[in-house]
file entry-v9.cif (mmCIF, C-alpha atoms)
data_input
loop_
_atom_site.group_PDB
_atom_site.id
_atom_site.type_symbol
_atom_site.label_atom_id
_atom_site.label_comp_id
_atom_site.auth_asym_id
_atom_site.auth_seq_id
_atom_site.Cartn_x
_atom_site.Cartn_y
_atom_site.Cartn_z
ATOM 1 C CA MET A 1 -10.081 -1.831 -23.673
ATOM 2 C CA SER A 2 -7.361 -2.931 -21.246
ATOM 3 C CA ARG A 3 -8.142 -3.466 -17.603
ATOM 4 C CA ILE A 4 -7.029 -0.747 -15.193
ATOM 5 C CA PHE A 5 -5.382 -2.007 -12.006
ATOM 6 C CA HIS A 6 -6.179 -0.107 -8.808
ATOM 7 C CA ILE A 7 -3.355 0.224 -6.283
ATOM 8 C CA GLY A 8 -4.327 1.262 -2.774
ATOM 9 C CA THR A 9 -1.983 3.446 -0.775
ATOM 10 C CA ARG A 10 -1.971 5.721 2.228
ATOM 11 C CA LYS A 11 -2.118 9.439 1.412
ATOM 12 C CA SER A 12 1.162 10.382 3.081
ATOM 13 C CA PRO A 13 3.846 11.822 0.784
ATOM 14 C CA LEU A 14 6.164 8.858 1.484
ATOM 15 C CA ALA A 15 3.433 6.281 0.783
ATOM 16 C CA MET A 16 2.464 8.063 -2.436
ATOM 17 C CA ALA A 17 6.104 8.192 -3.593
ATOM 18 C CA GLN A 18 6.595 4.484 -2.833
ATOM 19 C CA SER A 19 3.350 3.613 -4.622
ATOM 20 C CA HIS A 20 4.363 5.601 -7.712
ATOM 21 C CA GLU A 21 7.614 3.598 -7.778
ATOM 22 C CA VAL A 22 5.702 0.305 -7.563
ATOM 23 C CA ALA A 23 3.251 1.411 -10.273
ATOM 24 C CA ARG A 24 6.166 2.384 -12.528
ATOM 25 C CA ALA A 25 7.898 -0.953 -11.894
ATOM 26 C CA LEU A 26 4.702 -2.884 -12.735
ATOM 27 C CA CYS A 27 4.270 -0.954 -15.968
ATOM 28 C CA ASP A 28 7.919 -1.440 -16.934
ATOM 29 C CA ALA A 29 7.856 -5.171 -16.126
ATOM 30 C CA HIS A 30 4.705 -5.822 -18.149
ATOM 31 C CA GLY A 31 5.160 -3.264 -20.926
ATOM 32 C CA TRP A 32 2.009 -1.422 -19.849
ATOM 33 C CA PRO A 33 1.346 2.273 -20.390
ATOM 34 C CA GLU A 34 1.198 4.261 -17.142
ATOM 35 C CA THR A 35 -2.547 4.677 -17.667
ATOM 36 C CA ARG A 36 -2.962 0.956 -16.947
ATOM 37 C CA VAL A 37 -2.531 1.513 -13.189
ATOM 38 C CA GLN A 38 -4.325 3.981 -10.967
ATOM 39 C CA LEU A 39 -3.308 4.926 -7.439
ATOM 40 C CA VAL A 40 -6.168 5.030 -4.932
ATOM 41 C CA PRO A 41 -5.147 7.156 -1.918
ATOM 42 C CA ILE A 42 -6.908 6.085 1.289
ATOM 43 C CA ASP A 43 -6.996 7.593 4.770
ATOM 44 C CA THR A 44 -6.338 4.952 7.409
ATOM 45 C CA LYS A 45 -7.217 5.129 11.108
ATOM 46 C CA GLY A 46 -3.542 5.680 11.839
ATOM 47 C CA ASP A 47 -3.575 8.734 9.565
ATOM 48 C CA ILE A 48 -6.782 10.164 11.037
ATOM 49 C CA LEU A 49 -6.416 9.497 14.791
ATOM 50 C CA LEU A 50 -3.393 11.656 15.512
ATOM 51 C CA THR A 51 -4.167 12.687 19.094
ATOM 52 C CA GLN A 52 -3.562 9.295 20.755
ATOM 53 C CA ALA A 53 -0.577 6.971 20.911
ATOM 54 C CA LEU A 54 -0.790 4.298 18.222
ATOM 55 C CA SER A 55 -0.238 1.577 20.828
ATOM 56 C CA GLU A 56 -3.435 2.721 22.595
ATOM 57 C CA LEU A 57 -5.426 2.491 19.367
ATOM 58 C CA GLY A 58 -4.427 -0.958 18.166
ATOM 59 C CA GLY A 59 -0.869 -0.842 16.881
ATOM 60 C CA LYS A 60 0.180 -1.807 13.365
ATOM 61 C CA GLY A 61 -3.267 -2.604 11.973
ATOM 62 C CA LEU A 62 -4.118 1.084 12.135
ATOM 63 C CA PHE A 63 -2.252 1.685 8.882
ATOM 64 C CA THR A 64 -3.454 -1.417 7.045
ATOM 65 C CA GLN A 65 -7.062 -2.315 7.948
ATOM 66 C CA GLU A 66 -8.803 -0.040 5.455
ATOM 67 C CA LEU A 67 -6.540 -1.143 2.617
ATOM 68 C CA GLU A 68 -6.977 -4.815 3.514
ATOM 69 C CA SER A 69 -10.773 -4.453 3.585
ATOM 70 C CA LYS A 70 -10.766 -2.865 0.130
ATOM 71 C CA LEU A 71 -8.517 -5.636 -1.210
ATOM 72 C CA LEU A 72 -10.819 -8.339 0.147
ATOM 73 C CA SER A 73 -13.934 -6.623 -1.240
ATOM 74 C CA GLY A 74 -12.349 -6.352 -4.698
ATOM 75 C CA ASP A 75 -12.211 -2.543 -4.712
ATOM 76 C CA LEU A 76 -8.400 -2.734 -5.012
ATOM 77 C CA ASP A 77 -6.148 -5.063 -6.976
ATOM 78 C CA PHE A 78 -2.974 -4.333 -4.997
ATOM 79 C CA ALA A 79 -1.927 -2.318 -1.963
ATOM 80 C CA VAL A 80 1.461 -0.819 -1.206
ATOM 81 C CA HIS A 81 2.581 -0.797 2.427
ATOM 82 C CA SER A 82 5.754 -0.104 4.322
ATOM 83 C CA LEU A 83 6.803 -3.518 5.586
ATOM 84 C CA LYS A 84 7.117 -2.103 9.113
ATOM 85 C CA ASP A 85 3.349 -1.472 9.173
ATOM 86 C CA LEU A 86 2.337 -5.043 8.328
ATOM 87 C CA PRO A 87 1.407 -7.629 10.950
ATOM 88 C CA THR A 88 3.679 -10.661 11.266
ATOM 89 C CA GLN A 89 0.917 -12.948 9.962
ATOM 90 C CA ASP A 90 -0.974 -12.207 6.757
ATOM 91 C CA PRO A 91 -4.727 -11.691 7.149
ATOM 92 C CA ASN A 92 -6.860 -14.538 5.758
ATOM 93 C CA GLY A 93 -7.141 -14.236 1.995
ATOM 94 C CA LEU A 94 -4.175 -11.877 1.597
ATOM 95 C CA CYS A 95 -0.436 -12.288 1.155
ATOM 96 C CA VAL A 96 2.679 -10.243 0.521
ATOM 97 C CA ALA A 97 3.123 -10.717 -3.225
ATOM 98 C CA ALA A 98 6.312 -8.726 -3.781
ATOM 99 C CA ILE A 99 8.958 -6.736 -1.968
ATOM 100 C CA PRO A 100 10.872 -4.220 -4.089
ATOM 101 C CA PRO A 101 14.657 -3.961 -3.745
ATOM 102 C CA ARG A 102 15.778 -1.945 -0.754
ATOM 103 C CA GLU A 103 17.170 1.523 -1.336
ATOM 104 C CA ASP A 104 20.623 2.371 -0.022
ATOM 105 C CA ALA A 105 20.275 2.205 3.783
ATOM 106 C CA ARG A 106 23.029 4.827 4.155
ATOM 107 C CA ASP A 107 20.785 7.409 2.479
ATOM 108 C CA ALA A 108 18.681 8.198 5.528
#
call {"tool": "encode", "arguments": {"input": "entry-v9.cif", "output": "structure tokens"}}
result
Amino acid sequence: MSRIFHIGTRKSPLAMAQSHEVARALCDAHGWPETRVQLVPIDTKGDILLTQALSELGGKGLFTQELESKLLSGDLDFAVHSLKDLPTQDPNGLCVAAIPPREDARDA
């Protein structure tokens, strides 16, 4: 039986759409069936704590900490983030492995 790769993502509609695109691209690039990857939606502190300003709660890490912890523990194989949510330095043990091509910036 082939290994299933687990891709962590936030639960927001945009994050889910971006993660589906990444999963599709991985499958296409490697000739895998779509069943070879599984999205794992995760609530982050930034998604849960909606009553305070993000800057008061810790800034960018609010949308990445839970996903990073699950990557480091081995619960996830990959995580999909918006680049704007990532810190400028990679956490120890993690790196940005790929950045998909940008969509047309005029389509906003």
call {"tool": "atom_distance", "arguments": {"input": "entry-v9.cif", "atom1": "CA of Arg3 in chain A", "atom2": "CA of Arg36 in chain A"}}
result
6.8 Å
call {"tool": "resolve_selection", "arguments": {"input": "entry-v9.cif", "expression": "the PyMOL selection byres ((chain A and resi 39) around 8)", "output": "PyMOL selection string"}}
result
chain A and resi 6-9+19-20+23+37-38+40-41
call {"tool": "resolve_selection", "arguments": {"input": "entry-v9.cif", "expression": "the PyMOL selection byres ((chain A and resi 72-88) around 12)", "output": "count of residues only"}}
result
57
call {"tool": "axis_aligned_box", "arguments": {"input": "entry-v9.cif", "around": "range 66-85 of chain A", "padding_each_side": "6 Å", "output": "lines of an AutoDock Vina configuration file"}}
result
center_x = -3.4
center_y = -4.2
center_z = 1.1
size_x = 33.1
size_y = 20.3
size_z = 28.1
call {"tool": "atom_distance", "arguments": {"input": "entry-v9.cif", "atom1": "CA of Thr35 in chain A", "atom2": "CA of Pro13 in chain A"}}
result
20.8 Å
call {"tool": "atom_distance", "arguments": {"input": "entry-v9.cif", "atom1": "CA of Cys27 in chain A", "atom2": "CA of Pro101 in chain A"}}
result
16.3 Å
call {"tool": "decode", "arguments": {"input": "entry-v9.cif", "residues": "chain A", "atoms": "C-alpha atoms", "output": "tab-separated table (two decimals), in the first residue's frame"}}
result
chain	number	residue	atom	x	y	z
A	1	MET	CA	0.00	0.00	0.00
A	2	SER	CA	1.29	3.47	-0.89
A	3	ARG	CA	2.03	5.99	1.81
A	4	ILE	CA	-0.53	8.76	2.31
A	5	PHE	CA	0.95	12.24	2.74
A	6	HIS	CA	-0.77	14.53	5.25
A	7	ILE	CA	-0.90	18.22	4.36
A	8	GLY	CA	-1.75	20.62	7.17
A	9	THR	CA	-3.77	23.72	6.41
A	10	ARG	CA	-5.86	26.32	8.15
A	11	LYS	CA	-9.62	25.79	7.88
A	12	SER	CA	-10.40	29.07	6.14
A	13	PRO	CA	-11.93	28.79	2.66
A	14	LEU	CA	-8.89	30.51	1.09
A	15	ALA	CA	-6.41	28.23	2.89
A	16	MET	CA	-8.39	25.14	1.90
A	17	ALA	CA	-8.53	26.26	-1.75
A	18	GLN	CA	-4.78	26.95	-1.80
A	19	SER	CA	-4.07	23.59	-0.16
A	20	HIS	CA	-6.22	21.74	-2.71
A	21	GLU	CA	-4.17	23.41	-5.46
A	22	VAL	CA	-0.90	22.31	-3.83
A	23	ALA	CA	-2.21	18.76	-3.32
A	24	ARG	CA	-3.26	18.61	-6.98
A	25	ALA	CA	0.14	19.92	-8.11
A	26	LEU	CA	1.96	17.31	-6.00
A	27	CYS	CA	-0.17	14.52	-7.44
A	28	ASP	CA	0.32	15.76	-11.00
A	29	ALA	CA	4.09	16.17	-10.56
A	30	HIS	CA	4.57	12.69	-9.12
A	31	GLY	CA	1.86	10.81	-11.02
A	32	TRP	CA	0.03	10.02	-7.78
A	33	PRO	CA	-3.70	9.42	-7.47
A	34	GLU	CA	-5.50	12.12	-5.47
A	35	THR	CA	-6.01	9.59	-2.67
A	36	ARG	CA	-2.26	9.73	-2.00
A	37	VAL	CA	-2.58	13.09	-0.21
A	38	GLN	CA	-4.95	14.05	2.57
A	39	LEU	CA	-5.66	17.58	3.75
A	40	VAL	CA	-5.67	18.02	7.53
A	41	PRO	CA	-7.59	21.20	8.44
A	42	ILE	CA	-6.36	22.78	11.69
A	43	ASP	CA	-7.66	25.67	13.76
A	44	THR	CA	-4.86	28.06	14.67
A	45	LYS	CA	-4.83	30.61	17.49
A	46	GLY	CA	-5.27	33.33	14.89
A	47	ASP	CA	-8.46	31.62	13.69
A	48	ILE	CA	-9.85	31.10	17.19
A	49	LEU	CA	-8.96	34.35	19.00
A	50	LEU	CA	-11.02	36.78	16.96
A	51	THR	CA	-11.85	39.35	19.65
A	52	GLN	CA	-8.35	40.86	20.03
A	53	ALA	CA	-5.97	42.54	17.61
A	54	LEU	CA	-3.47	40.05	16.21
A	55	SER	CA	-0.59	42.35	17.18
A	56	GLU	CA	-1.68	42.05	20.84
A	57	LEU	CA	-1.68	38.26	20.65
A	58	GLY	CA	1.71	37.64	19.07
A	59	GLY	CA	1.58	38.60	15.42
A	60	LYS	CA	2.35	36.25	12.54
A	61	GLY	CA	3.01	33.11	14.58
A	62	LEU	CA	-0.68	32.98	15.44
A	63	PHE	CA	-1.44	31.39	12.07
A	64	THR	CA	1.53	29.02	11.96
A	65	GLN	CA	2.41	27.67	15.43
A	66	GLU	CA	-0.04	24.76	15.49
A	67	LEU	CA	0.94	23.65	12.00
A	68	GLU	CA	4.65	23.92	12.80
A	69	SER	CA	4.22	21.85	15.97
A	70	LYS	CA	2.43	19.11	14.04
A	71	LEU	CA	5.16	19.12	11.37
A	72	LEU	CA	7.90	18.77	13.98
A	73	SER	CA	6.05	15.97	15.80
A	74	GLY	CA	5.60	14.04	12.54
A	75	ASP	CA	1.80	14.33	12.49
A	76	LEU	CA	2.04	16.23	9.18
A	77	ASP	CA	4.29	15.76	6.16
A	78	PHE	CA	3.73	19.23	4.68
A	79	ALA	CA	1.92	22.43	5.58
A	80	VAL	CA	0.53	25.06	3.25
A	81	HIS	CA	0.74	28.68	4.38
A	82	SER	CA	0.21	32.08	2.86
A	83	LEU	CA	3.72	33.51	2.64
A	84	LYS	CA	2.52	36.67	4.41
A	85	ASP	CA	1.83	34.62	7.56
A	86	LEU	CA	5.32	33.15	7.85
A	87	PRO	CA	8.04	34.62	10.05
A	88	THR	CA	11.13	35.99	8.30
A	89	GLN	CA	13.29	33.22	9.79
A	90	ASP	CA	12.32	29.56	9.55
A	91	PRO	CA	11.77	27.78	12.87
A	92	ASN	CA	14.49	25.26	13.78
A	93	GLY	CA	13.96	22.03	11.89
A	94	LEU	CA	11.63	23.52	9.26
A	95	CYS	CA	12.08	25.25	5.93
A	96	VAL	CA	10.06	26.62	3.04
A	97	ALA	CA	10.31	23.76	0.54
A	98	ALA	CA	8.35	25.23	-2.36
A	99	ILE	CA	6.52	28.34	-3.47
A	100	PRO	CA	3.91	27.83	-6.20
A	101	PRO	CA	3.74	30.27	-9.12
A	102	ARG	CA	1.93	33.48	-8.31
A	103	GLU	CA	-1.55	34.00	-9.72
A	104	ASP	CA	-2.26	37.09	-11.80
A	105	ALA	CA	-1.87	40.01	-9.36
A	106	ARG	CA	-4.42	42.03	-11.37
A	107	ASP	CA	-7.13	39.53	-10.42
A	108	ALA	CA	-7.77	40.89	-6.94
